[in-house]
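**Q** So here's run.cif (mmCIF, C-alpha atoms (C1' of nucleotides)).
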data_start
#
loop_
_atom_site.label_atom_id
_atom_site.label_comp_id
_atom_site.auth_asym_id
_atom_site.auth_seq_id
_atom_site.Cartn_x
_atom_site.Cartn_y
_atom_site.Cartn_z
CA MET N 1 93.22 21.96 146.84
CA PHE N 2 93.47 18.37 145.74
CA ASP N 3 96.92 18.37 147.31
CA ASN N 4 95.48 18.50 150.80
CA PHE N 5 93.48 15.41 150.06
CA LYS N 6 96.51 13.75 148.54
CA ASN N 7 98.55 14.47 151.64
CA TYR N 8 95.79 13.17 153.81
CA LEU N 9 95.63 9.95 151.83
CA GLU N 10 99.37 9.43 151.70
CA ASN N 11 99.49 9.91 155.41
CA LYS N 12 97.19 6.99 155.91
CA ILE N 13 97.91 4.61 153.07
CA THR N 14 100.38 3.98 150.27
CA LEU N 15 99.08 4.54 146.77
CA SER N 16 100.60 4.03 143.38
CA ASP N 17 100.47 6.87 140.87
CA GLN N 18 97.76 5.08 138.92
CA GLU N 19 95.68 4.65 142.02
CA LEU N 20 96.05 8.29 142.87
CA GLU N 21 94.99 9.18 139.36
CA LEU N 22 91.98 6.92 139.70
CA ILE N 23 90.95 8.81 142.79
CA LYS N 24 91.73 12.20 141.39
CA ASP N 25 89.60 11.50 138.34
CA VAL N 26 86.42 11.15 140.36
CA CYS N 27 87.00 14.10 142.68
CA ILE N 28 84.69 17.05 142.25
CA LEU N 29 86.13 20.25 143.62
CA LYS N 30 83.79 22.67 145.28
CA LYS N 31 84.40 26.04 146.85
CA LEU N 32 82.05 27.50 149.38
CA GLN N 33 81.93 31.00 150.73
CA LYS N 34 81.27 31.48 154.40
CA ARG N 35 77.51 31.21 154.97
CA GLN N 36 76.93 29.08 151.88
CA TYR N 37 75.20 25.74 152.14
CA LEU N 38 76.78 22.50 151.05
CA ALA N 39 73.44 20.78 151.52
CA GLN N 40 70.01 21.59 152.81
CA GLU N 41 67.28 19.71 154.60
CA GLY N 42 65.20 17.82 152.06
CA ASP N 43 68.04 17.19 149.66
CA VAL N 44 69.14 13.66 148.99
CA TRP N 45 72.79 13.53 149.80
CA GLN N 46 74.81 11.70 147.16
CA TYR N 47 78.46 12.16 147.98
CA ASN N 48 81.32 11.43 150.22
CA ALA N 49 82.76 14.80 151.08
CA PHE N 50 86.22 15.60 152.29
CA VAL N 51 86.90 19.02 153.76
CA SER N 52 90.14 20.14 152.28
CA ASN N 53 89.99 23.56 153.85
CA GLY N 54 87.68 25.55 156.04
CA LEU N 55 84.99 24.60 158.50
CA LEU N 56 81.37 23.49 158.25
CA LYS N 57 78.58 22.64 160.62
CA THR N 58 75.88 19.99 160.21
CA PHE N 59 72.64 20.87 161.94
CA SER N 60 68.91 20.41 162.01
CA ILE N 61 66.10 22.84 162.77
CA ASP N 62 63.24 21.58 164.92
CA GLN N 63 59.57 22.61 164.89
CA LYS N 64 60.26 25.45 167.32
CA GLY N 65 62.89 26.80 164.99
CA GLN N 66 65.70 25.73 167.26
CA GLU N 67 68.99 24.69 165.78
CA HIS N 68 70.74 21.49 166.85
CA ILE N 69 74.32 21.08 165.76
CA MET N 70 75.25 17.49 165.08
CA ASN N 71 78.80 18.04 163.94
CA PHE N 72 81.57 20.38 163.03
CA SER N 73 83.78 19.45 160.10
CA PRO N 74 87.11 21.23 159.86
CA GLU N 75 89.81 20.53 157.27
CA ASN N 76 90.84 16.89 156.99
CA TYR N 77 87.47 15.69 158.20
CA TRP N 78 84.70 14.10 156.23
CA THR N 79 81.21 15.49 156.13
CA GLY N 80 77.83 14.74 154.61
CA ASP N 81 74.78 12.78 155.69
CA ARG N 82 75.51 9.05 155.71
CA GLU N 83 71.91 8.28 156.53
CA SER N 84 70.60 10.00 153.43
CA LEU N 85 73.51 8.67 151.38
CA THR N 86 72.75 5.05 152.15
CA THR N 87 68.97 5.11 152.32
CA GLY N 88 68.35 7.58 149.55
CA ASN N 89 65.92 9.42 151.79
CA PRO N 90 65.87 13.20 151.93
CA SER N 91 68.22 14.52 154.56
CA ASP N 92 67.07 16.04 157.85
CA PHE N 93 70.20 18.12 158.03
CA ASN N 94 71.74 21.28 156.70
CA ILE N 95 75.43 21.65 156.10
CA LEU N 96 76.69 25.20 156.18
CA ALA N 97 80.14 26.68 155.68
CA LEU N 98 81.24 28.62 158.76
CA GLU N 99 84.35 29.75 156.91
CA ASN N 100 85.30 29.89 153.26
CA SER N 101 85.84 26.25 152.51
CA GLU N 102 87.13 23.87 149.90
CA ILE N 103 85.41 20.55 149.58
CA ILE N 104 86.16 17.45 147.59
CA LEU N 105 83.08 15.53 146.56
CA ILE N 106 83.07 11.94 145.38
CA LYS N 107 79.85 10.53 143.99
CA LYS N 108 78.50 7.52 145.78
CA ASP N 109 79.06 5.13 142.85
CA ASP N 110 82.55 6.40 142.19
CA PHE N 111 83.37 6.03 145.84
CA GLU N 112 82.24 2.43 145.90
CA TYR N 113 84.18 1.78 142.74
CA ILE N 114 87.34 3.10 144.33
CA CYS N 115 86.76 1.03 147.42
CA GLN N 116 86.55 -2.02 145.21
CA LYS N 117 89.59 -1.18 143.17
CA ILE N 118 91.82 -0.08 146.01
CA PRO N 119 91.58 -2.33 149.04
CA GLN N 120 93.72 -0.09 151.24
CA PHE N 121 91.34 2.72 150.50
CA TYR N 122 88.43 0.55 151.59
CA LYS N 123 90.29 -0.37 154.73
CA MET N 124 91.07 3.27 155.45
CA VAL N 125 87.42 4.20 155.06
CA ASN N 126 86.42 1.51 157.50
CA ASP N 127 89.02 2.61 159.99
CA ILE N 128 87.62 6.11 159.83
CA LEU N 129 84.14 4.76 160.28
CA HIS N 130 85.33 2.80 163.27
CA LYS N 131 86.87 5.87 164.83
CA SER N 132 83.77 7.91 164.14
CA PHE N 133 81.73 5.29 165.88
CA LEU N 134 83.92 5.43 168.96
CA VAL N 135 83.68 9.21 169.01
CA SER N 136 79.91 8.91 168.76
CA GLN N 137 79.77 6.50 171.65
CA LYS N 138 81.96 8.77 173.75
CA ARG N 139 79.66 11.65 173.04
CA ILE N 140 76.62 9.66 174.09
CA HIS N 141 78.31 8.61 177.27
CA ALA N 142 79.54 12.11 178.04
CA ASN N 143 76.05 13.39 177.43
CA MET N 144 74.51 11.22 180.05
CA SER N 145 77.23 11.04 182.65
CA LEU N 146 78.95 14.42 182.78
CA SER N 147 77.93 17.78 184.20
CA ILE N 148 77.57 20.64 181.79
CA GLU N 149 80.87 22.07 182.93
CA GLU N 150 82.61 18.77 182.29
CA LYS N 151 81.00 18.41 178.89
CA TYR N 152 82.18 21.86 177.95
CA HIS N 153 85.78 21.31 179.03
CA ASN N 154 85.67 17.94 177.41
CA PHE N 155 84.69 19.52 174.13
CA ILE N 156 87.28 22.27 174.03
CA GLN N 157 89.92 19.79 175.04
CA GLN N 158 88.89 17.25 172.44
CA PHE N 159 88.39 19.72 169.61
CA PRO N 160 90.53 22.76 170.41
CA SER N 161 91.01 23.56 166.74
CA VAL N 162 87.26 23.78 166.27
CA ALA N 163 86.42 25.38 169.61
CA ASN N 164 88.43 28.52 169.04
CA ARG N 165 87.05 29.14 165.58
CA ILE N 166 83.37 29.16 166.41
CA PRO N 167 81.13 31.34 168.57
CA GLN N 168 80.28 30.02 171.99
CA HIS N 169 76.60 29.63 171.29
CA MET N 170 77.41 27.00 168.69
CA ILE N 171 79.29 24.98 171.27
CA ALA N 172 76.21 25.29 173.45
CA SER N 173 74.05 23.99 170.63
CA TYR N 174 76.41 21.09 170.02
CA LEU N 175 76.28 20.23 173.71
CA GLY N 176 72.52 20.51 173.79
CA ILE N 177 72.27 23.44 176.17
CA SER N 178 71.25 27.07 175.83
CA ALA N 179 73.81 29.77 175.10
CA GLU N 180 72.88 31.54 178.33
CA THR N 181 73.52 28.49 180.45
CA LEU N 182 76.92 27.97 178.89
CA SER N 183 77.79 31.59 179.53
CA ARG N 184 76.87 31.21 183.18
CA ILE N 185 78.77 27.96 183.56
CA ARG N 186 81.85 29.61 182.14
CA ALA N 187 81.53 32.57 184.48
CA GLN N 188 81.27 30.28 187.45
CA SER N 189 84.00 28.03 186.21
CA ALA N 190 86.33 31.00 185.93
CA LYS N 191 85.87 31.82 189.61
CA ASN N 192 87.49 28.53 190.59
CA MET O 1 73.93 -22.37 170.28
CA PHE O 2 76.36 -22.03 167.41
CA ASP O 3 73.40 -22.60 165.14
CA ASN O 4 71.95 -19.21 165.95
CA PHE O 5 75.19 -17.63 164.88
CA LYS O 6 75.26 -19.76 161.76
CA ASN O 7 71.76 -18.67 160.84
CA TYR O 8 72.66 -15.08 161.47
CA LEU O 9 75.68 -15.35 159.20
CA GLU O 10 73.88 -17.19 156.45
CA ASN O 11 71.21 -14.57 156.51
CA LYS O 12 73.74 -11.92 155.71
CA ILE O 13 76.37 -13.61 153.58
CA THR O 14 77.05 -16.81 151.68
CA LEU O 15 79.71 -19.04 153.14
CA SER O 16 81.26 -22.27 151.97
CA ASP O 17 81.44 -25.18 154.40
CA GLN O 18 85.15 -24.63 154.86
CA GLU O 19 84.60 -21.00 155.66
CA LEU O 20 81.96 -21.88 158.19
CA GLU O 21 84.32 -24.36 159.76
CA LEU O 22 87.01 -21.72 159.89
CA ILE O 23 84.66 -19.51 161.83
CA LYS O 24 83.33 -22.23 164.03
CA ASP O 25 86.84 -23.23 165.01
CA VAL O 26 87.58 -19.90 166.65
CA CYS O 27 84.25 -19.51 168.43
CA ILE O 28 84.31 -19.72 172.19
CA LEU O 29 80.93 -20.57 173.65
CA LYS O 30 79.98 -18.97 176.90
CA LYS O 31 76.88 -19.34 179.01
CA LEU O 32 75.90 -16.71 181.50
CA GLN O 33 73.29 -16.89 184.21
CA LYS O 34 71.12 -13.89 184.81
CA ARG O 35 73.07 -11.41 186.95
CA GLN O 36 76.45 -12.71 185.83
CA TYR O 37 79.02 -10.39 184.32
CA LEU O 38 80.48 -10.86 180.89
CA ALA O 39 82.99 -8.13 181.65
CA GLN O 40 83.74 -5.65 184.36
CA GLU O 41 85.17 -2.18 184.54
CA GLY O 42 88.93 -2.35 184.57
CA ASP O 43 89.14 -5.46 182.40
CA VAL O 44 90.78 -5.23 179.01
CA TRP O 45 88.22 -6.43 176.56
CA GLN O 46 89.68 -8.85 174.01
CA TYR O 47 86.82 -10.27 172.02
CA ASN O 48 84.13 -9.76 169.51
CA ALA O 49 81.01 -11.09 171.15
CA PHE O 50 77.84 -12.22 169.50
CA VAL O 51 74.74 -12.68 171.62
CA SER O 52 73.24 -15.91 170.51
CA ASN O 53 70.53 -15.90 173.16
CA GLY O 54 69.45 -13.74 176.06
CA LEU O 55 69.95 -10.09 176.87
CA LEU O 56 72.76 -8.01 178.32
CA LYS O 57 73.34 -4.43 179.31
CA THR O 58 76.50 -2.38 179.00
CA PHE O 59 76.82 0.31 181.62
CA SER O 60 79.20 2.47 183.62
CA ILE O 61 79.06 3.61 187.21
CA ASP O 62 80.03 7.21 187.93
CA GLN O 63 81.64 8.71 191.05
CA LYS O 64 78.26 9.20 192.67
CA GLY O 65 77.48 5.54 192.18
CA GLN O 66 74.98 6.23 189.46
CA GLU O 67 74.54 3.75 186.67
CA HIS O 68 74.53 4.86 183.03
CA ILE O 69 73.34 2.32 180.51
CA MET O 70 75.11 2.63 177.18
CA ASN O 71 73.48 -0.29 175.41
CA PHE O 72 71.24 -3.28 175.53
CA SER O 73 72.31 -6.35 173.57
CA PRO O 74 69.61 -8.92 172.85
CA GLU O 75 70.07 -12.05 170.75
CA ASN O 76 71.55 -11.45 167.31
CA TYR O 77 73.33 -8.34 168.45
CA TRP O 78 77.01 -7.83 169.09
CA THR O 79 78.36 -6.62 172.36
CA GLY O 80 81.66 -5.76 174.01
CA ASP O 81 83.74 -2.64 174.37
CA ARG O 82 85.25 -1.65 171.04
CA GLU O 83 87.20 1.13 172.68
CA SER O 84 89.01 -1.22 175.01
CA LEU O 85 89.32 -3.81 172.25
CA THR O 86 91.15 -1.49 169.89
CA THR O 87 93.20 0.57 172.32
CA GLY O 88 94.01 -2.16 174.79
CA ASN O 89 93.05 0.15 177.62
CA PRO O 90 91.02 -1.10 180.56
CA SER O 91 87.33 -0.78 179.94
CA ASP O 92 85.13 1.80 181.64
CA PHE O 93 82.13 -0.45 181.27
CA ASN O 94 80.44 -3.43 182.82
CA ILE O 95 78.50 -5.94 180.79
CA LEU O 96 75.88 -7.83 182.73
CA ALA O 97 73.44 -10.55 181.72
CA LEU O 98 69.86 -9.46 182.35
CA GLU O 99 68.64 -12.91 181.37
CA ASN O 100 70.33 -16.27 181.07
CA SER O 101 72.38 -15.79 177.95
CA GLU O 102 74.54 -17.59 175.46
CA ILE O 103 77.44 -15.72 174.00
CA ILE O 104 79.88 -16.48 171.25
CA LEU O 105 83.30 -14.99 171.77
CA ILE O 106 85.91 -14.57 169.08
CA LYS O 107 89.37 -13.48 170.11
CA LYS O 108 90.60 -10.28 168.55
CA ASP O 109 93.36 -11.95 166.52
CA ASP O 110 91.11 -14.73 165.33
CA PHE O 111 88.53 -12.20 164.32
CA GLU O 112 91.03 -10.26 162.26
CA TYR O 113 92.25 -13.45 160.69
CA ILE O 114 88.73 -14.35 159.63
CA CYS O 115 88.18 -10.89 158.21
CA GLN O 116 91.30 -11.37 156.13
CA LYS O 117 90.41 -14.84 154.95
CA ILE O 118 86.75 -14.21 154.23
CA PRO O 119 86.16 -10.91 152.46
CA GLN O 120 82.36 -11.15 152.72
CA PHE O 121 82.75 -11.51 156.45
CA TYR O 122 84.85 -8.37 156.54
CA LYS O 123 82.27 -6.58 154.48
CA MET O 124 79.48 -7.77 156.76
CA VAL O 125 81.34 -6.50 159.79
CA ASN O 126 81.77 -3.13 158.20
CA ASP O 127 78.13 -2.95 157.25
CA ILE O 128 77.20 -3.65 160.86
CA LEU O 129 79.62 -1.00 161.99
CA HIS O 130 78.09 1.41 159.54
CA LYS O 131 74.61 0.69 160.86
CA SER O 132 75.77 1.01 164.44
CA PHE O 133 77.20 4.37 163.60
CA LEU O 134 73.93 5.56 162.13
CA VAL O 135 72.06 4.33 165.22
CA SER O 136 74.54 6.20 167.39
CA GLN O 137 74.05 9.38 165.45
CA LYS O 138 70.30 9.05 165.72
CA ARG O 139 70.56 8.64 169.44
CA ILE O 140 72.69 11.75 169.76
CA HIS O 141 70.25 13.72 167.70
CA ALA O 142 67.24 12.40 169.60
CA ASN O 143 68.98 13.29 172.82
CA MET O 144 69.34 16.90 171.95
CA SER O 145 66.23 17.57 169.95
CA LEU O 146 63.40 15.56 171.49
CA SER O 147 61.35 15.96 174.65
CA ILE O 148 61.59 13.24 177.26
CA GLU O 149 58.25 11.88 176.19
CA GLU O 150 59.33 11.71 172.58
CA LYS O 151 62.59 10.02 173.51
CA TYR O 152 60.72 7.42 175.47
CA HIS O 153 58.25 6.61 172.72
CA ASN O 154 61.08 6.63 170.26
CA PHE O 155 62.89 4.02 172.29
CA ILE O 156 60.03 1.60 172.77
CA GLN O 157 59.17 1.95 169.12
CA GLN O 158 62.71 1.41 167.95
CA PHE O 159 63.49 -1.46 170.34
CA PRO O 160 60.19 -3.06 171.28
CA SER O 161 61.79 -6.46 171.79
CA VAL O 162 64.15 -4.97 174.35
CA ALA O 163 61.71 -2.56 175.94
CA ASN O 164 59.27 -5.18 177.09
CA ARG O 165 61.94 -7.35 178.67
CA ILE O 166 63.52 -4.82 180.97
CA PRO O 167 62.30 -2.79 183.93
CA GLN O 168 61.31 0.76 183.29
CA HIS O 169 64.08 2.26 185.36
CA MET O 170 66.62 0.81 182.94
CA ILE O 171 64.97 2.57 180.07
CA ALA O 172 65.21 5.73 182.14
CA SER O 173 68.92 5.15 182.67
CA TYR O 174 69.43 4.52 178.96
CA LEU O 175 67.64 7.76 178.17
CA GLY O 176 69.62 9.66 180.76
CA ILE O 177 66.74 10.57 183.06
CA SER O 178 65.64 9.50 186.52
CA ALA O 179 63.22 6.62 187.02
CA GLU O 180 60.79 8.93 188.81
CA THR O 181 60.70 11.38 185.96
CA LEU O 182 59.99 8.64 183.47
CA SER O 183 57.19 7.35 185.66
CA ARG O 184 55.61 10.79 185.77
CA ILE O 185 55.98 11.31 182.04
CA ARG O 186 54.23 8.02 181.41
CA ALA O 187 51.41 8.89 183.77
CA GLN O 188 50.87 12.18 182.01
CA SER O 189 51.27 10.64 178.61
CA ALA O 190 48.53 8.11 179.45
CA LYS O 191 46.06 10.89 180.18
CA ASN O 192 46.20 12.07 176.59
"C1'" DC U 1 81.55 54.57 162.31
"C1'" DG U 2 77.31 51.93 162.20
"C1'" DA U 3 75.26 47.53 161.99
"C1'" DT U 4 75.21 43.10 163.23
"C1'" DT U 5 76.36 39.29 165.85
"C1'" DC U 6 77.76 37.52 170.17
"C1'" DT U 7 77.98 37.39 175.16
"C1'" DT U 8 76.53 38.47 179.57
"C1'" DT U 9 73.22 39.32 183.22
"C1'" DG U 10 68.77 39.40 185.72
"C1'" DA U 11 64.31 37.71 186.97
"C1'" DA U 12 60.69 34.55 186.46
"C1'" DA U 13 58.93 30.22 185.10
"C1'" DA U 14 59.31 25.49 183.78
"C1'" DC U 15 61.49 21.42 184.44
"C1'" DA U 16 63.91 17.47 186.34
"C1'" DG U 17 66.22 15.49 190.28
"C1'" DT U 18 66.27 13.84 195.03
"C1'" DC U 19 64.51 11.78 199.05
"C1'" DA U 20 61.14 9.35 201.40
"C1'" DA U 21 56.97 6.83 201.71
"C1'" DT U 22 53.67 3.88 199.79
"C1'" DC U 23 51.89 0.69 196.59
"C1'" DT U 24 52.24 -3.35 193.40
"C1'" DG U 25 53.60 -7.52 191.72
"C1'" DT U 26 56.62 -11.57 191.79
"C1'" DG U 27 58.92 -15.29 193.37
"C1'" DT U 28 61.02 -18.04 197.14
"C1'" DG U 29 61.22 -20.64 201.19
"C1'" DG U 30 58.78 -22.38 205.00
"C1'" DC Y 1 49.72 -22.57 199.56
"C1'" DC Y 2 50.70 -18.73 202.22
"C1'" DA Y 3 53.59 -15.15 203.93
"C1'" DC Y 4 57.33 -12.63 203.52
"C1'" DA Y 5 61.00 -10.42 201.17
"C1'" DC Y 6 62.40 -7.98 197.36
"C1'" DA Y 7 62.50 -5.45 193.24
"C1'" DG Y 8 60.06 -2.19 190.76
"C1'" DA Y 9 56.71 1.64 190.11
"C1'" DT Y 10 54.29 5.48 191.70
"C1'" DT Y 11 53.42 9.69 194.27
"C1'" DG Y 12 54.31 13.89 197.09
"C1'" DA Y 13 57.06 17.61 198.72
"C1'" DC Y 14 61.03 19.97 198.11
"C1'" DT Y 15 65.29 21.50 195.99
"C1'" DG Y 16 68.20 22.67 192.47
"C1'" DT Y 17 69.07 23.44 187.71
"C1'" DT Y 18 68.06 25.02 183.14
"C1'" DT Y 19 65.24 27.56 180.05
"C1'" DT Y 20 63.09 31.55 178.53
"C1'" DC Y 21 62.56 36.31 177.74
"C1'" DA Y 22 64.33 40.72 177.85
"C1'" DA Y 23 67.80 44.05 178.04
"C1'" DA Y 24 72.30 45.73 178.09
"C1'" DG Y 25 77.18 45.45 177.13
"C1'" DA Y 26 81.14 43.81 174.13
"C1'" DA Y 27 83.23 42.52 170.02
"C1'" DT Y 28 83.57 42.12 165.11
"C1'" DC Y 29 82.91 43.21 160.29
"C1'" DG Y 30 82.09 45.79 156.40
#
Can I see the file as structure tokens?

**A**
Amino acid sequence: MFDNFKNYLENKITLSDQELELIKDVCILKKLQKRQYLAQEGDVWQYNAFVSNGLLKTFSIDQKGQEHIMNFSPENYWTGDRESLTTGNPSDFNILALENSEIILIKKDDFEYICQKIPQFYKMVNDILHKSFLVSQKRIHANMSLSIEEKYHNFIQQFPSVANRIPQHMIASYLGISAETLSRIRAQSAKN
Amino acid sequence: MFDNFKNYLENKITLSDQELELIKDVCILKKLQKRQYLAQEGDVWQYNAFVSNGLLKTFSIDQKGQEHIMNFSPENYWTGDRESLTTGNPSDFNILALENSEIILIKKDDFEYICQKIPQFYKMVNDILHKSFLVSQKRIHANMSLSIEEKYHNFIQQFPSVANRIPQHMIASYLGISAETLSRIRAQSAKN
DNA sequence: CGATTCTTTGAAAACAGTCAATCTGTGTGG
DNA sequence: CCACACAGATTGACTGTTTTCAAAGAATCG
């Protein structure tokens, strides 16, 4: 379980044994069954979380009871609520395991300590942040410039490994449309 | 003109005179008249750009000729196309001055050099990136969970200093709706 | 197999977009 | 200083798209 994380790290940066130990020492291992929550709305989120195995979704529920999916986090992705983590405010989001999952948690303080002690680690984190930002921007742009059909194809092309593990209505929620509309778009799309 | 940037920096981090010189040496000053482009679609974007004065918009034009505004950049904000900057691919975006503006450009290599030489600077950059990411995420969430009216009020509340310097139809474009719809929403909103 | 979740389909209603015309305000040149 | 041009905002009528609600069919899981 930690091995996945180790592989991930060694793929990105070079670490001495001591450095790896340092990291390993602050890792909290957590197993979640499908349908279990990693975090719920109202909680203050205190970790950096690496998904070692499985799949989770981050979502909010609005006043009408409608679910809005912000993110999917499969293995080798990070999850959590950065907003809550940095501000200390209660989170607006729920994080739910869509499959049995294995998560590595690192407490905020420990994480910062590691960043200080291991510059490559800090650099890696910032690179990931940078990439996440670009992905965010792409999503915003897609949202305002593409047709629903294009957004859908865009999604399954960009995240095939997520798309074929989740029900369609969750893709709809992620794209900000109703499940029925997506179904109809697909039907029409198939005709051509 | 450089003074604005200096103030901005000194507000965020502490720099020695030498460090400030180091930064100043790589700054390229650029003045733009209203309606002039800082960058156009197809260009490879090579800089980090700080808006010292004025206001710019970053936007794309789709096949139908419709404009989609990704961002507004008033004084003390950064602008540019990070995607193009990091990949080296031609940009999909145009950056246009909405007011007479003063921009500070730092070439990619110079910027990286400064980040290396001045750790606080690197940290500052990453903090900004982090904040930008959170803003991005908020925008995505607002987009899928709020009504048009809420999105509009959200925008003018979050960016009052931008909102009252630009025509309404640009806000509409930023929000991903037509100018007419925004006009109607406002009319209705005023009734209540 | 039965229960539950997911997807599809239909019909109606709500919503937003488009096009065109008018109105408003601003700034420029005569 | 006025008049005209221009950009922006509003309004109406219409069209097209998406949502909603409801029901039925398909797939999956225990």

**Q** Against chain N, which residues of chain O fall within 7 Å? For each one I want the closest pair of atoms and the distance in Å (one decimal), counting all atoms listed in the file, rows by chain and increasing residue number, as JSON lines.

**A**
{"residue": "O:His68", "atom": "CA", "partner": "N:Ser145", "partner_atom": "CA", "distance": 6.8}
{"residue": "O:Met70", "atom": "CA", "partner": "N:His141", "partner_atom": "CA", "distance": 6.8}
{"residue": "O:Glu83", "atom": "CA", "partner": "N:Leu134", "partner_atom": "CA", "distance": 6.6}
{"residue": "O:Asn126", "atom": "CA", "partner": "N:Asn126", "partner_atom": "CA", "distance": 6.6}
{"residue": "O:Leu129", "atom": "CA", "partner": "N:His130", "partner_atom": "CA", "distance": 7.0}
{"residue": "O:His130", "atom": "CA", "partner": "N:Leu129", "partner_atom": "CA", "distance": 7.0}
{"residue": "O:Phe133", "atom": "CA", "partner": "N:Phe133", "partner_atom": "CA", "distance": 5.2}
{"residue": "O:Leu134", "atom": "CA", "partner": "N:Glu83", "partner_atom": "CA", "distance": 6.5}
{"residue": "O:Ser136", "atom": "CA", "partner": "N:Ser136", "partner_atom": "CA", "distance": 6.2}
{"residue": "O:Gln137", "atom": "CA", "partner": "N:Ser136", "partner_atom": "CA", "distance": 6.7}
{"residue": "O:Ile140", "atom": "CA", "partner": "N:Ile140", "partner_atom": "CA", "distance": 6.2}
{"residue": "O:His141", "atom": "CA", "partner": "N:Met70", "partner_atom": "CA", "distance": 6.8}
{"residue": "O:Met144", "atom": "CA", "partner": "N:Gly176", "partner_atom": "CA", "distance": 5.2}
{"residue": "O:Ser145", "atom": "CA", "partner": "N:His68", "partner_atom": "CA", "distance": 6.7}
{"residue": "O:Gly176", "atom": "CA", "partner": "N:Met144", "partner_atom": "CA", "distance": 5.2}

**Q** Looking at Y:DT20, Y:DT28, Y:DT15, Y:DT10, which one is nearest to chain O, with distances taken over all atoms listed in the file?

**A** Y:DT10

**Q** Nearest to DA11 of chain U: which of Y:DC21, Y:DC4, Y:DC14, Y:DA9 is it, counting all atoms listed in the file?

**A**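 For DA11 of chain U, the nearest of the given residues is Y:DC21.
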
**Q** Can you tell me which residues surround Ala172 of chain O at a distance of at most 9 Å, considering all atoms listed in the file, apart from same-chain residues fewer than 6 positions away, and format the answer as a PDB file with C-alpha atoms, in the frame of the given file?

**A**
ATOM      1  CA  ILE O  69      73.340   2.320 180.510  1.00  0.00           C
ATOM      2  CA  TYR O 152      60.720   7.420 175.470  1.00  0.00           C
ATOM      3  CA  SER O 178      65.640   9.500 186.520  1.00  0.00           C
ATOM      4  CA  ALA O 179      63.220   6.620 187.020  1.00  0.00           C
ATOM      5  CA  GLU O 180      60.790   8.930 188.810  1.00  0.00           C
ATOM      6  CA  THR O 181      60.700  11.380 185.960  1.00  0.00           C
ATOM      7  CA  LEU O 182      59.990   8.640 183.470  1.00  0.00           C
ATOM      8  CA  SER O 183      57.190   7.350 185.660  1.00  0.00           C
TER       9      SER O 183
END

**Q** Residues of chain U within 10 Å of chain O, counting all atoms listed in the file - could you list those as an MDAnalysis selection string?

**A** chainID U and resid 16:18

**Q** Evaluated on this file, the PyMOL selection byres ((chain Y) within 10 of (chain N)) picks out some residues - which ones are they, written as a tab-separated table (two decimals) with C-alpha atoms (C1' of nucleotides), in the coordinates of the input?

**A**
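The result, written out as result04.tsv:
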chain	number	residue	atom	x	y	z
Y	17	DT	C1'	69.07	23.44	187.71
Y	18	DT	C1'	68.06	25.02	183.14
Y	19	DT	C1'	65.24	27.56	180.05
Y	20	DT	C1'	63.09	31.55	178.53

**Q** I would like the residues chosen by the PyMOL selection byres ((chain O and resi 156-164) around 10) on the shown file; could you give them as an mmCIF file with C-alpha atoms, keeping the file's coordinate frame?

**A**
data_model
loop_
_atom_site.group_PDB
_atom_site.id
_atom_site.type_symbol
_atom_site.label_atom_id
_atom_site.label_comp_id
_atom_site.auth_asym_id
_atom_site.auth_seq_id
_atom_site.Cartn_x
_atom_site.Cartn_y
_atom_site.Cartn_z
ATOM 1 C CA LEU O 55 69.950 -10.090 176.870
ATOM 2 C CA LEU O 56 72.760 -8.010 178.320
ATOM 3 C CA PHE O 72 71.240 -3.280 175.530
ATOM 4 C CA SER O 73 72.310 -6.350 173.570
ATOM 5 C CA PRO O 74 69.610 -8.920 172.850
ATOM 6 C CA GLU O 75 70.070 -12.050 170.750
ATOM 7 C CA LYS O 151 62.590 10.020 173.510
ATOM 8 C CA TYR O 152 60.720 7.420 175.470
ATOM 9 C CA HIS O 153 58.250 6.610 172.720
ATOM 10 C CA ASN O 154 61.080 6.630 170.260
ATOM 11 C CA PHE O 155 62.890 4.020 172.290
ATOM 12 C CA ARG O 165 61.940 -7.350 178.670
ATOM 13 C CA ILE O 166 63.520 -4.820 180.970
ATOM 14 C CA PRO O 167 62.300 -2.790 183.930
ATOM 15 C CA GLN O 168 61.310 0.760 183.290
ATOM 16 C CA MET O 170 66.620 0.810 182.940
ATOM 17 C CA ILE O 171 64.970 2.570 180.070
#

**Q** Using the chain letters and numbering of this document, enumerate as a PyMOL selection string the residues selected by the PyMOL selection byres ((chain N and resi 52) around 10).

**A** chain N and resi 1-6+8+29-31+49-51+53-55+74-78+101-104

**Q** Work out how far atom CA of Ser147 of chain N is from atom CA of Tyr37 of chain O, in Å to one decimal.

**A**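 Straight-line distance from atom CA of Tyr37 of chain O to atom CA of Ser147 of chain N works out to 28.2 Å.
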
**Q** Considering all atoms listed in the file, give me a table of residues in segment 4-80 of chain O that are at most 9 Å from segment 117-120 of chain O, with the closest atom pair and distance in Å for each, as JSON lines.

**A**
{"residue": "O:Ile13", "atom": "CA", "partner": "O:Gln120", "partner_atom": "CA", "distance": 6.5}
{"residue": "O:Thr14", "atom": "CA", "partner": "O:Gln120", "partner_atom": "CA", "distance": 7.8}
{"residue": "O:Leu15", "atom": "CA", "partner": "O:Gln120", "partner_atom": "CA", "distance": 8.3}
{"residue": "O:Glu19", "atom": "CA", "partner": "O:Ile118", "partner_atom": "CA", "distance": 7.3}

**Q** Work out how far atom CA of Phe121 of chain O is from atom CA of Ile23 of chain N, in Å to one decimal.

**A**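 Taking atom CA of Ile23 of chain N as the start and atom CA of Phe121 of chain O as the end point, the length is 25.8 Å.
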